[in-house]
Amino acid sequence: MTWSRADLERVAERVRGGALWDEPMSRHSSLRVGGPADLFLEPADQDDLKTAVEALQGLGIPSMVVGGGYNLLVRDGGIRGCVISLKRLDTMTQMPGARLDAGAGVTNQALTRFAAENCLGGIEFLCGIPGSFGGALTMNAGAHGSETFLRVEYLTTMRGGEVLVRKGSEVRYGYRFLKLEPGEIVLGARLRLEPEERRLIEARMQEYNAKRGGQRVGFPNAGSFFKNPPGESAWRLIDQAGLRGKTVGGAQVSEVHTNFLVNRGDARAADFLTLAAFIKHRVKEESGVELEEEVRIVGEG
């Protein structure tokens, strides 16, 4: 099925949230690179998202979903079709039994603050991870010996406009991985937490933030660019390969943390892709280990 600009306009007219045309994805990526999306939507709520999804599918228009724009690299050619931001799906509700409902658009920082204020422990490891809770769910983000899905009681998603609720124990997940069906969108989750004194929760958050001080690299970045291979640290392998400070165009291996690739101010997506390929080749040559990107790479070259 083919689609036209007029089809995109019909979709935009049906969505109550914001709509932007030919929107540079560099504005919605922590790396500050990426070409334009034909249409960028911010549905106002879950019903608005359903309207957008059904309209796009009915017209055969391709779409993709983004959260906070972390862990994302958009190629310089941009994205054909529609990009949907879940930024406005940002509700949080405390539930009985030390449970917490959170939408995909909630930031990890807001989520951990809300949990601490309500004396709910167990999710504070997310406090130093930038981005949205939806992103944390989609990649099963983790730190300090814990990971997101260890706390998920129910996962809520949307597929084809239908809302699905599954037990966390019924979904497939692993290290930086969540199994979703094609076109399935993470809407949020119910977390199973533990009653605890606020001062103890906040003390752990302060400790975790202090430990992440070495990751404050001072330039736009996507966080850890590569996954840690089993029994190894990606940053150590990159460092041992002599790549600290290695530069391609405006992209650089951070001199502070070598698993962070940073934008020194004028980088293009192509610079990051070339630099990443060089790193993988050199690390394989030096240590025999094949690195795998943790960032999600999308769009046209």
# chains A, B, ... in the order shown; residues from 1 in each chain; ligands from 1
call {"tool": "select_by_dssp", "arguments": {"residues": "segment 135-211 of chain A", "states": "helix (DSSP H, G or I)", "output": "NGL selection string"}}
result
:A and (135-138 or 148-150 or 168-170 or 198-211)
call {"tool": "residues_around", "arguments": {"residues": "Val165 of chain A", "least_positions_apart": "3", "cutoff": "12 Å", "atoms": "only C-alpha atoms", "output": "PDB file with all heavy atoms, in the first residue's frame"}}
result
ATOM      1  N   VAL A 152       8.447  -5.809  37.764  1.00  0.00           N
ATOM      2  CA  VAL A 152       7.218  -5.654  36.980  1.00  0.00           C
ATOM      3  C   VAL A 152       6.215  -6.752  37.336  1.00  0.00           C
ATOM      4  O   VAL A 152       6.491  -7.937  37.155  1.00  0.00           O
ATOM      5  CB  VAL A 152       7.513  -5.686  35.466  1.00  0.00           C
ATOM      6  CG1 VAL A 152       6.214  -5.712  34.661  1.00  0.00           C
ATOM      7  CG2 VAL A 152       8.344  -4.463  35.066  1.00  0.00           C
ATOM      8  N   GLU A 153       5.054  -6.345  37.855  1.00  0.00           N
ATOM      9  CA  GLU A 153       3.973  -7.303  38.135  1.00  0.00           C
ATOM     10  C   GLU A 153       3.085  -7.485  36.907  1.00  0.00           C
ATOM     11  O   GLU A 153       2.735  -8.610  36.543  1.00  0.00           O
ATOM     12  CB  GLU A 153       3.141  -6.832  39.318  1.00  0.00           C
ATOM     13  CG  GLU A 153       2.097  -7.850  39.764  1.00  0.00           C
ATOM     14  CD  GLU A 153       1.470  -7.494  41.093  1.00  0.00           C
ATOM     15  OE1 GLU A 153       1.145  -6.299  41.308  1.00  0.00           O
ATOM     16  OE2 GLU A 153       1.308  -8.404  41.924  1.00  0.00           O
ATOM     17  N   TYR A 154       2.720  -6.358  36.272  1.00  0.00           N
ATOM     18  CA  TYR A 154       1.928  -6.409  35.047  1.00  0.00           C
ATOM     19  C   TYR A 154       2.520  -5.439  34.023  1.00  0.00           C
ATOM     20  O   TYR A 154       2.886  -4.310  34.372  1.00  0.00           O
ATOM     21  CB  TYR A 154       0.470  -6.025  35.312  1.00  0.00           C
ATOM     22  CG  TYR A 154      -0.283  -7.013  36.164  1.00  0.00           C
ATOM     23  CD1 TYR A 154      -0.500  -6.758  37.515  1.00  0.00           C
ATOM     24  CD2 TYR A 154      -0.788  -8.205  35.623  1.00  0.00           C
ATOM     25  CE1 TYR A 154      -1.192  -7.661  38.312  1.00  0.00           C
ATOM     26  CE2 TYR A 154      -1.472  -9.116  36.417  1.00  0.00           C
ATOM     27  CZ  TYR A 154      -1.667  -8.839  37.754  1.00  0.00           C
ATOM     28  OH  TYR A 154      -2.343  -9.733  38.536  1.00  0.00           O
ATOM     29  N   LEU A 155       2.573  -5.872  32.781  1.00  0.00           N
ATOM     30  CA  LEU A 155       3.028  -5.030  31.675  1.00  0.00           C
ATOM     31  C   LEU A 155       1.824  -4.710  30.799  1.00  0.00           C
ATOM     32  O   LEU A 155       1.055  -5.609  30.427  1.00  0.00           O
ATOM     33  CB  LEU A 155       4.079  -5.759  30.845  1.00  0.00           C
ATOM     34  CG  LEU A 155       4.556  -5.043  29.573  1.00  0.00           C
ATOM     35  CD1 LEU A 155       5.375  -3.817  29.936  1.00  0.00           C
ATOM     36  CD2 LEU A 155       5.372  -5.994  28.684  1.00  0.00           C
ATOM     37  N   THR A 156       1.662  -3.423  30.466  1.00  0.00           N
ATOM     38  CA  THR A 156       0.560  -2.995  29.597  1.00  0.00           C
ATOM     39  C   THR A 156       1.130  -2.528  28.261  1.00  0.00           C
ATOM     40  O   THR A 156       2.022  -1.681  28.225  1.00  0.00           O
ATOM     41  CB  THR A 156      -0.247  -1.850  30.241  1.00  0.00           C
ATOM     42  OG1 THR A 156      -0.709  -2.277  31.523  1.00  0.00           O
ATOM     43  CG2 THR A 156      -1.441  -1.484  29.384  1.00  0.00           C
ATOM     44  N   THR A 157       0.605  -3.089  27.174  1.00  0.00           N
ATOM     45  CA  THR A 157       1.065  -2.725  25.832  1.00  0.00           C
ATOM     46  C   THR A 157      -0.147  -2.493  24.935  1.00  0.00           C
ATOM     47  O   THR A 157      -1.286  -2.770  25.299  1.00  0.00           O
ATOM     48  CB  THR A 157       1.947  -3.833  25.220  1.00  0.00           C
ATOM     49  OG1 THR A 157       1.157  -5.021  25.030  1.00  0.00           O
ATOM     50  CG2 THR A 157       3.144  -4.146  26.096  1.00  0.00           C
ATOM     51  N   MET A 158       0.129  -1.992  23.733  1.00  0.00           N
ATOM     52  CA  MET A 158      -0.904  -1.828  22.718  1.00  0.00           C
ATOM     53  C   MET A 158      -0.429  -2.480  21.433  1.00  0.00           C
ATOM     54  O   MET A 158       0.713  -2.268  21.002  1.00  0.00           O
ATOM     55  CB  MET A 158      -1.206  -0.344  22.481  1.00  0.00           C
ATOM     56  CG  MET A 158      -2.300  -0.100  21.428  1.00  0.00           C
ATOM     57  SD  MET A 158      -2.638   1.678  21.171  1.00  0.00           S
ATOM     58  CE  MET A 158      -3.441   2.110  22.707  1.00  0.00           C
ATOM     59  N   ARG A 159      -1.304  -3.276  20.828  1.00  0.00           N
ATOM     60  CA  ARG A 159      -0.972  -3.900  19.543  1.00  0.00           C
ATOM     61  C   ARG A 159      -2.183  -3.797  18.633  1.00  0.00           C
ATOM     62  O   ARG A 159      -3.257  -4.293  18.965  1.00  0.00           O
ATOM     63  CB  ARG A 159      -0.554  -5.356  19.737  1.00  0.00           C
ATOM     64  CG  ARG A 159      -0.037  -6.008  18.461  1.00  0.00           C
ATOM     65  CD  ARG A 159       0.658  -7.326  18.720  1.00  0.00           C
ATOM     66  NE  ARG A 159      -0.266  -8.372  19.132  1.00  0.00           N
ATOM     67  CZ  ARG A 159      -0.131  -9.131  20.198  1.00  0.00           C
ATOM     68  NH1 ARG A 159       0.899  -8.946  21.004  1.00  0.00           N
ATOM     69  NH2 ARG A 159      -1.005 -10.066  20.493  1.00  0.00           N
ATOM     70  N   GLU A 162      -5.327  -2.447  20.190  1.00  0.00           N
ATOM     71  CA  GLU A 162      -5.880  -3.193  21.322  1.00  0.00           C
ATOM     72  C   GLU A 162      -4.921  -3.133  22.508  1.00  0.00           C
ATOM     73  O   GLU A 162      -3.714  -3.339  22.357  1.00  0.00           O
ATOM     74  CB  GLU A 162      -6.107  -4.655  20.924  1.00  0.00           C
ATOM     75  CG  GLU A 162      -6.662  -5.519  22.048  1.00  0.00           C
ATOM     76  CD  GLU A 162      -6.766  -6.988  21.667  1.00  0.00           C
ATOM     77  OE1 GLU A 162      -6.382  -7.335  20.525  1.00  0.00           O
ATOM     78  OE2 GLU A 162      -7.217  -7.784  22.509  1.00  0.00           O
ATOM     79  N   GLY A 168       4.119  -9.892  34.436  1.00  0.00           N
ATOM     80  CA  GLY A 168       5.539  -9.762  34.120  1.00  0.00           C
ATOM     81  C   GLY A 168       6.206 -11.109  33.940  1.00  0.00           C
ATOM     82  O   GLY A 168       7.124 -11.258  33.128  1.00  0.00           O
ATOM     83  N   SER A 169       5.738 -12.107  34.668  1.00  0.00           N
ATOM     84  CA  SER A 169       6.323 -13.449  34.573  1.00  0.00           C
ATOM     85  C   SER A 169       5.978 -14.150  33.268  1.00  0.00           C
ATOM     86  O   SER A 169       6.572 -15.176  32.941  1.00  0.00           O
ATOM     87  CB  SER A 169       5.836 -14.304  35.749  1.00  0.00           C
ATOM     88  OG  SER A 169       4.422 -14.394  35.753  1.00  0.00           O
ATOM     89  N   GLU A 170       5.029 -13.598  32.505  1.00  0.00           N
ATOM     90  CA  GLU A 170       4.598 -14.228  31.259  1.00  0.00           C
ATOM     91  C   GLU A 170       5.315 -13.675  30.027  1.00  0.00           C
ATOM     92  O   GLU A 170       5.140 -14.206  28.927  1.00  0.00           O
ATOM     93  CB  GLU A 170       3.094 -14.049  31.076  1.00  0.00           C
ATOM     94  CG  GLU A 170       2.260 -14.787  32.124  1.00  0.00           C
ATOM     95  CD  GLU A 170       0.777 -14.492  32.011  1.00  0.00           C
ATOM     96  OE1 GLU A 170       0.410 -13.542  31.269  1.00  0.00           O
ATOM     97  OE2 GLU A 170      -0.009 -15.201  32.654  1.00  0.00           O
ATOM     98  N   VAL A 171       6.091 -12.615  30.198  1.00  0.00           N
ATOM     99  CA  VAL A 171       6.788 -12.031  29.045  1.00  0.00           C
ATOM    100  C   VAL A 171       8.237 -12.509  29.020  1.00  0.00           C
ATOM    101  O   VAL A 171       8.809 -12.884  30.043  1.00  0.00           O
ATOM    102  CB  VAL A 171       6.744 -10.488  29.076  1.00  0.00           C
ATOM    103  CG1 VAL A 171       5.312  -9.999  29.047  1.00  0.00           C
ATOM    104  CG2 VAL A 171       7.462  -9.937  30.292  1.00  0.00           C
ATOM    105  N   ILE A 185       3.438  -1.689  21.301  1.00  0.00           N
ATOM    106  CA  ILE A 185       3.889  -0.467  21.975  1.00  0.00           C
ATOM    107  C   ILE A 185       3.754  -0.636  23.481  1.00  0.00           C
ATOM    108  O   ILE A 185       2.687  -1.001  23.989  1.00  0.00           O
ATOM    109  CB  ILE A 185       3.051   0.745  21.524  1.00  0.00           C
ATOM    110  CG1 ILE A 185       3.161   0.948  20.008  1.00  0.00           C
ATOM    111  CG2 ILE A 185       3.489   2.010  22.258  1.00  0.00           C
ATOM    112  CD1 ILE A 185       2.182   1.968  19.457  1.00  0.00           C
ATOM    113  N   VAL A 186       4.822  -0.355  24.221  1.00  0.00           N
ATOM    114  CA  VAL A 186       4.780  -0.410  25.678  1.00  0.00           C
ATOM    115  C   VAL A 186       4.091   0.841  26.208  1.00  0.00           C
ATOM    116  O   VAL A 186       4.521   1.968  25.928  1.00  0.00           O
ATOM    117  CB  VAL A 186       6.206  -0.523  26.262  1.00  0.00           C
ATOM    118  CG1 VAL A 186       6.178  -0.362  27.776  1.00  0.00           C
ATOM    119  CG2 VAL A 186       6.825  -1.867  25.894  1.00  0.00           C
ATOM    120  N   LEU A 187       3.001   0.651  26.977  1.00  0.00           N
ATOM    121  CA  LEU A 187       2.246   1.764  27.532  1.00  0.00           C
ATOM    122  C   LEU A 187       2.623   2.071  28.978  1.00  0.00           C
ATOM    123  O   LEU A 187       2.467   3.202  29.441  1.00  0.00           O
ATOM    124  CB  LEU A 187       0.741   1.470  27.478  1.00  0.00           C
ATOM    125  CG  LEU A 187       0.134   1.222  26.096  1.00  0.00           C
ATOM    126  CD1 LEU A 187      -1.360   0.948  26.238  1.00  0.00           C
ATOM    127  CD2 LEU A 187       0.377   2.392  25.168  1.00  0.00           C
ATOM    128  N   GLY A 188       3.089   1.063  29.701  1.00  0.00           N
ATOM    129  CA  GLY A 188       3.445   1.259  31.102  1.00  0.00           C
ATOM    130  C   GLY A 188       3.425  -0.059  31.843  1.00  0.00           C
ATOM    131  O   GLY A 188       3.340  -1.133  31.244  1.00  0.00           O
ATOM    132  N   ALA A 189       3.495   0.007  33.164  1.00  0.00           N
ATOM    133  CA  ALA A 189       3.549  -1.216  33.963  1.00  0.00           C
ATOM    134  C   ALA A 189       3.106  -0.946  35.385  1.00  0.00           C
ATOM    135  O   ALA A 189       3.129   0.197  35.862  1.00  0.00           O
ATOM    136  CB  ALA A 189       4.971  -1.787  33.959  1.00  0.00           C
ATOM    137  N   ARG A 190       2.703  -2.031  36.061  1.00  0.00           N
ATOM    138  CA  ARG A 190       2.494  -1.992  37.509  1.00  0.00           C
ATOM    139  C   ARG A 190       3.718  -2.620  38.163  1.00  0.00           C
ATOM    140  O   ARG A 190       4.106  -3.746  37.838  1.00  0.00           O
ATOM    141  CB  ARG A 190       1.236  -2.749  37.919  1.00  0.00           C
ATOM    142  CG  ARG A 190       1.066  -2.859  39.444  1.00  0.00           C
ATOM    143  CD  ARG A 190      -0.320  -3.296  39.839  1.00  0.00           C
ATOM    144  NE  ARG A 190      -1.305  -2.265  39.469  1.00  0.00           N
ATOM    145  CZ  ARG A 190      -2.607  -2.374  39.724  1.00  0.00           C
ATOM    146  NH1 ARG A 190      -3.082  -3.441  40.347  1.00  0.00           N
ATOM    147  NH2 ARG A 190      -3.431  -1.402  39.362  1.00  0.00           N
TER     148      ARG A 190
END
call {"tool": "select_by_dssp", "arguments": {"residues": "segment 19-241 of chain A", "states": "strand (DSSP E)", "output": "count of residues only"}}
result
70
call {"tool": "residues_around", "arguments": {"residues": "Gly183 of chain A", "least_positions_apart": "3", "cutoff": "12 Å", "atoms": "only C-alpha atoms", "output": "list in words"}}
result
Val53, Glu54, Leu56, Gln57, Pro62, Ser63, Met64, Val65, Ile84, Thr157, Met158, Arg159, Gly160, Gly161, Glu162, Lys179, Leu180 and Val186 of chain A
call {"tool": "write_last_selection", "arguments": {"atoms": "N, CA, C and O atoms", "output": "PDB file, in the first residue's frame"}}
result
ATOM      1  N   VAL A  53      -2.703   5.169  16.061  1.00  0.00           N
ATOM      2  CA  VAL A  53      -2.256   3.850  15.594  1.00  0.00           C
ATOM      3  C   VAL A  53      -3.229   3.283  14.572  1.00  0.00           C
ATOM      4  O   VAL A  53      -2.826   2.780  13.510  1.00  0.00           O
ATOM      5  N   GLU A  54      -4.507   3.345  14.877  1.00  0.00           N
ATOM      6  CA  GLU A  54      -5.504   2.789  13.961  1.00  0.00           C
ATOM      7  C   GLU A  54      -5.540   3.557  12.647  1.00  0.00           C
ATOM      8  O   GLU A  54      -5.675   2.954  11.567  1.00  0.00           O
ATOM      9  N   LEU A  56      -3.023   5.276  11.240  1.00  0.00           N
ATOM     10  CA  LEU A  56      -1.794   4.975  10.502  1.00  0.00           C
ATOM     11  C   LEU A  56      -1.865   3.597   9.858  1.00  0.00           C
ATOM     12  O   LEU A  56      -1.495   3.422   8.684  1.00  0.00           O
ATOM     13  N   GLN A  57      -2.350   2.617  10.602  1.00  0.00           N
ATOM     14  CA  GLN A  57      -2.453   1.269  10.055  1.00  0.00           C
ATOM     15  C   GLN A  57      -3.459   1.208   8.912  1.00  0.00           C
ATOM     16  O   GLN A  57      -3.230   0.540   7.901  1.00  0.00           O
ATOM     17  N   PRO A  62       3.900   3.681   7.652  1.00  0.00           N
ATOM     18  CA  PRO A  62       4.811   3.118   8.667  1.00  0.00           C
ATOM     19  C   PRO A  62       4.988   4.075   9.828  1.00  0.00           C
ATOM     20  O   PRO A  62       4.913   5.295   9.668  1.00  0.00           O
ATOM     21  N   SER A  63       5.219   3.501  11.011  1.00  0.00           N
ATOM     22  CA  SER A  63       5.408   4.343  12.192  1.00  0.00           C
ATOM     23  C   SER A  63       6.386   3.680  13.143  1.00  0.00           C
ATOM     24  O   SER A  63       6.627   2.478  13.078  1.00  0.00           O
ATOM     25  N   MET A  64       6.957   4.489  14.017  1.00  0.00           N
ATOM     26  CA  MET A  64       7.798   3.981  15.085  1.00  0.00           C
ATOM     27  C   MET A  64       7.571   4.839  16.321  1.00  0.00           C
ATOM     28  O   MET A  64       7.128   5.983  16.231  1.00  0.00           O
ATOM     29  N   VAL A  65       7.866   4.254  17.483  1.00  0.00           N
ATOM     30  CA  VAL A  65       7.612   4.918  18.760  1.00  0.00           C
ATOM     31  C   VAL A  65       8.927   5.283  19.423  1.00  0.00           C
ATOM     32  O   VAL A  65       9.885   4.508  19.390  1.00  0.00           O
ATOM     33  N   ILE A  84       5.990   8.490  16.699  1.00  0.00           N
ATOM     34  CA  ILE A  84       5.036   8.749  17.784  1.00  0.00           C
ATOM     35  C   ILE A  84       5.810   8.856  19.093  1.00  0.00           C
ATOM     36  O   ILE A  84       6.512   7.928  19.490  1.00  0.00           O
ATOM     37  N   THR A 157       0.605  -3.089  27.174  1.00  0.00           N
ATOM     38  CA  THR A 157       1.065  -2.725  25.832  1.00  0.00           C
ATOM     39  C   THR A 157      -0.147  -2.493  24.935  1.00  0.00           C
ATOM     40  O   THR A 157      -1.286  -2.770  25.299  1.00  0.00           O
ATOM     41  N   MET A 158       0.129  -1.992  23.733  1.00  0.00           N
ATOM     42  CA  MET A 158      -0.904  -1.828  22.718  1.00  0.00           C
ATOM     43  C   MET A 158      -0.429  -2.480  21.433  1.00  0.00           C
ATOM     44  O   MET A 158       0.713  -2.268  21.002  1.00  0.00           O
ATOM     45  N   ARG A 159      -1.304  -3.276  20.828  1.00  0.00           N
ATOM     46  CA  ARG A 159      -0.972  -3.900  19.543  1.00  0.00           C
ATOM     47  C   ARG A 159      -2.183  -3.797  18.633  1.00  0.00           C
ATOM     48  O   ARG A 159      -3.257  -4.293  18.965  1.00  0.00           O
ATOM     49  N   GLY A 160      -1.997  -3.111  17.496  1.00  0.00           N
ATOM     50  CA  GLY A 160      -3.104  -2.938  16.569  1.00  0.00           C
ATOM     51  C   GLY A 160      -4.264  -2.158  17.152  1.00  0.00           C
ATOM     52  O   GLY A 160      -5.419  -2.369  16.777  1.00  0.00           O
ATOM     53  N   GLY A 161      -3.982  -1.281  18.111  1.00  0.00           N
ATOM     54  CA  GLY A 161      -5.033  -0.498  18.740  1.00  0.00           C
ATOM     55  C   GLY A 161      -5.669  -1.182  19.937  1.00  0.00           C
ATOM     56  O   GLY A 161      -6.455  -0.573  20.657  1.00  0.00           O
ATOM     57  N   GLU A 162      -5.327  -2.447  20.190  1.00  0.00           N
ATOM     58  CA  GLU A 162      -5.880  -3.193  21.322  1.00  0.00           C
ATOM     59  C   GLU A 162      -4.921  -3.133  22.508  1.00  0.00           C
ATOM     60  O   GLU A 162      -3.714  -3.339  22.357  1.00  0.00           O
ATOM     61  N   LYS A 179      11.030  -9.094  24.703  1.00  0.00           N
ATOM     62  CA  LYS A 179      10.418  -9.648  23.500  1.00  0.00           C
ATOM     63  C   LYS A 179       9.051  -9.020  23.285  1.00  0.00           C
ATOM     64  O   LYS A 179       8.131  -9.184  24.101  1.00  0.00           O
ATOM     65  N   LEU A 180       8.901  -8.276  22.191  1.00  0.00           N
ATOM     66  CA  LEU A 180       7.634  -7.677  21.803  1.00  0.00           C
ATOM     67  C   LEU A 180       7.271  -8.136  20.398  1.00  0.00           C
ATOM     68  O   LEU A 180       8.152  -8.450  19.587  1.00  0.00           O
ATOM     69  N   VAL A 186       4.822  -0.355  24.221  1.00  0.00           N
ATOM     70  CA  VAL A 186       4.780  -0.410  25.678  1.00  0.00           C
ATOM     71  C   VAL A 186       4.091   0.841  26.208  1.00  0.00           C
ATOM     72  O   VAL A 186       4.521   1.968  25.928  1.00  0.00           O
TER      73      VAL A 186
END
call {"tool": "closest_residue", "arguments": {"among": "A:Ser287, A:Thr138, A:Thr112, A:Thr2", "to": "Leu193 of chain A", "atoms": "only C-alpha atoms"}}
result
A:Thr112
call {"tool": "residues_around", "arguments": {"residues": "segment 283-285 of chain A", "least_positions_apart": "3", "cutoff": "8 Å", "atoms": "only C-alpha atoms", "output": "VMD selection string"}}
result
chain A and resid 237 to 238 241 279 to 280 288 to 291
call {"tool": "closest_residue", "arguments": {"among": "A:Arg199, A:Arg296, A:Arg236, A:Arg16", "to": "Asn71 of chain A", "atoms": "only C-alpha atoms"}}
result
A:Arg296
call {"tool": "closest_residue", "arguments": {"among": "A:Ala102, A:Leu59, A:Leu275, A:Val15", "to": "Leu137 of chain A", "atoms": "only C-alpha atoms"}}
result
A:Ala102
call {"tool": "closest_residue", "arguments": {"among": "A:Ala52, A:Leu200, A:Cys119, A:Val83", "to": "Arg14 of chain A", "atoms": "only C-alpha atoms"}}
result
A:Ala52
call {"tool": "closest_residue", "arguments": {"among": "A:Tyr70, A:Asp101, A:Gly245, A:Glu207", "to": "Arg27 of chain A", "atoms": "only C-alpha atoms"}}
result
A:Tyr70
call {"tool": "residues_around", "arguments": {"residues": "Glu194 of chain A", "least_positions_apart": "6", "cutoff": "7 Å", "atoms": "only C-alpha atoms", "output": "PyMOL selection string"}}
result
chain A and resi 98+120-122
call {"tool": "closest_residue", "arguments": {"among": "A:Lys87, A:Arg172, A:Arg75, A:Lys50", "to": "Met25 of chain A", "atoms": "only C-alpha atoms"}}
result
A:Arg75
call {"tool": "atom_distance", "arguments": {"atom1": "atom CA of Met139 of chain A", "atom2": "atom CA of Phe225 of chain A"}}
result
13.0 Å
call {"tool": "atom_distance", "arguments": {"atom1": "atom CA of Glu232 of chain A", "atom2": "atom CA of Gly250 of chain A"}}
result
28.1 Å
call {"tool": "closest_atom_pairs", "arguments": {"of": "segment 33-79 of chain A", "to": "segment 255-268 of chain A", "cutoff": "10 Å", "atoms": "only C-alpha atoms", "output": "tab-separated table"}}
result
residue	atom	partner	partner_atom	distance
A:Val33	CA	A:Arg268	CA	5.7
A:Gly34	CA	A:Arg268	CA	7.2
A:Gly35	CA	A:Arg268	CA	9.2
A:Val74	CA	A:Arg268	CA	9.6
A:Arg75	CA	A:Arg268	CA	8.2
A:Asp76	CA	A:Arg268	CA	6.8
call {"tool": "atom_distance", "arguments": {"atom1": "atom CA of Lys246 of chain A", "atom2": "atom CA of Ser224 of chain A"}}
result
16.1 Å
call {"tool": "decode", "arguments": {"residues": "segment 124-137 of chain A", "atoms": "N, CA and C atoms", "output": "PDB file, in the first residue's frame"}}
result
ATOM      1  N   GLU A 124      14.882   2.213  42.988  1.00  0.00           N
ATOM      2  CA  GLU A 124      15.785   3.369  43.008  1.00  0.00           C
ATOM      3  C   GLU A 124      17.016   3.194  42.133  1.00  0.00           C
ATOM      4  N   PHE A 125      17.328   1.971  41.696  1.00  0.00           N
ATOM      5  CA  PHE A 125      18.476   1.770  40.796  1.00  0.00           C
ATOM      6  C   PHE A 125      18.300   2.516  39.478  1.00  0.00           C
ATOM      7  N   LEU A 126      17.061   2.906  39.145  1.00  0.00           N
ATOM      8  CA  LEU A 126      16.808   3.641  37.903  1.00  0.00           C
ATOM      9  C   LEU A 126      17.109   5.134  38.036  1.00  0.00           C
ATOM     10  N   CYS A 127      17.432   5.613  39.244  1.00  0.00           N
ATOM     11  CA  CYS A 127      17.518   7.061  39.473  1.00  0.00           C
ATOM     12  C   CYS A 127      18.577   7.738  38.611  1.00  0.00           C
ATOM     13  N   GLY A 128      19.653   7.044  38.283  1.00  0.00           N
ATOM     14  CA  GLY A 128      20.709   7.661  37.494  1.00  0.00           C
ATOM     15  C   GLY A 128      20.673   7.317  36.022  1.00  0.00           C
ATOM     16  N   ILE A 129      19.654   6.579  35.603  1.00  0.00           N
ATOM     17  CA  ILE A 129      19.536   6.189  34.195  1.00  0.00           C
ATOM     18  C   ILE A 129      18.641   7.194  33.493  1.00  0.00           C
ATOM     19  N   PRO A 130      19.155   7.960  32.539  1.00  0.00           N
ATOM     20  CA  PRO A 130      18.331   8.972  31.869  1.00  0.00           C
ATOM     21  C   PRO A 130      17.272   8.322  30.987  1.00  0.00           C
ATOM     22  N   GLY A 131      16.277   9.119  30.608  1.00  0.00           N
ATOM     23  CA  GLY A 131      15.264   8.611  29.699  1.00  0.00           C
ATOM     24  C   GLY A 131      13.955   8.307  30.395  1.00  0.00           C
ATOM     25  N   SER A 132      13.078   7.613  29.679  1.00  0.00           N
ATOM     26  CA  SER A 132      11.723   7.369  30.148  1.00  0.00           C
ATOM     27  C   SER A 132      11.565   5.947  30.684  1.00  0.00           C
ATOM     28  N   PHE A 133      10.505   5.762  31.476  1.00  0.00           N
ATOM     29  CA  PHE A 133      10.197   4.447  32.020  1.00  0.00           C
ATOM     30  C   PHE A 133       9.845   3.462  30.900  1.00  0.00           C
ATOM     31  N   GLY A 134       9.186   3.958  29.847  1.00  0.00           N
ATOM     32  CA  GLY A 134       8.893   3.099  28.698  1.00  0.00           C
ATOM     33  C   GLY A 134      10.164   2.554  28.076  1.00  0.00           C
ATOM     34  N   GLY A 135      11.180   3.410  27.982  1.00  0.00           N
ATOM     35  CA  GLY A 135      12.465   2.957  27.461  1.00  0.00           C
ATOM     36  C   GLY A 135      13.120   1.947  28.371  1.00  0.00           C
ATOM     37  N   ALA A 136      13.007   2.190  29.694  1.00  0.00           N
ATOM     38  CA  ALA A 136      13.576   1.251  30.668  1.00  0.00           C
ATOM     39  C   ALA A 136      12.916  -0.115  30.557  1.00  0.00           C
ATOM     40  N   LEU A 137      11.597  -0.126  30.313  1.00  0.00           N
ATOM     41  CA  LEU A 137      10.887  -1.386  30.125  1.00  0.00           C
ATOM     42  C   LEU A 137      11.297  -2.059  28.824  1.00  0.00           C
TER      43      LEU A 137
END
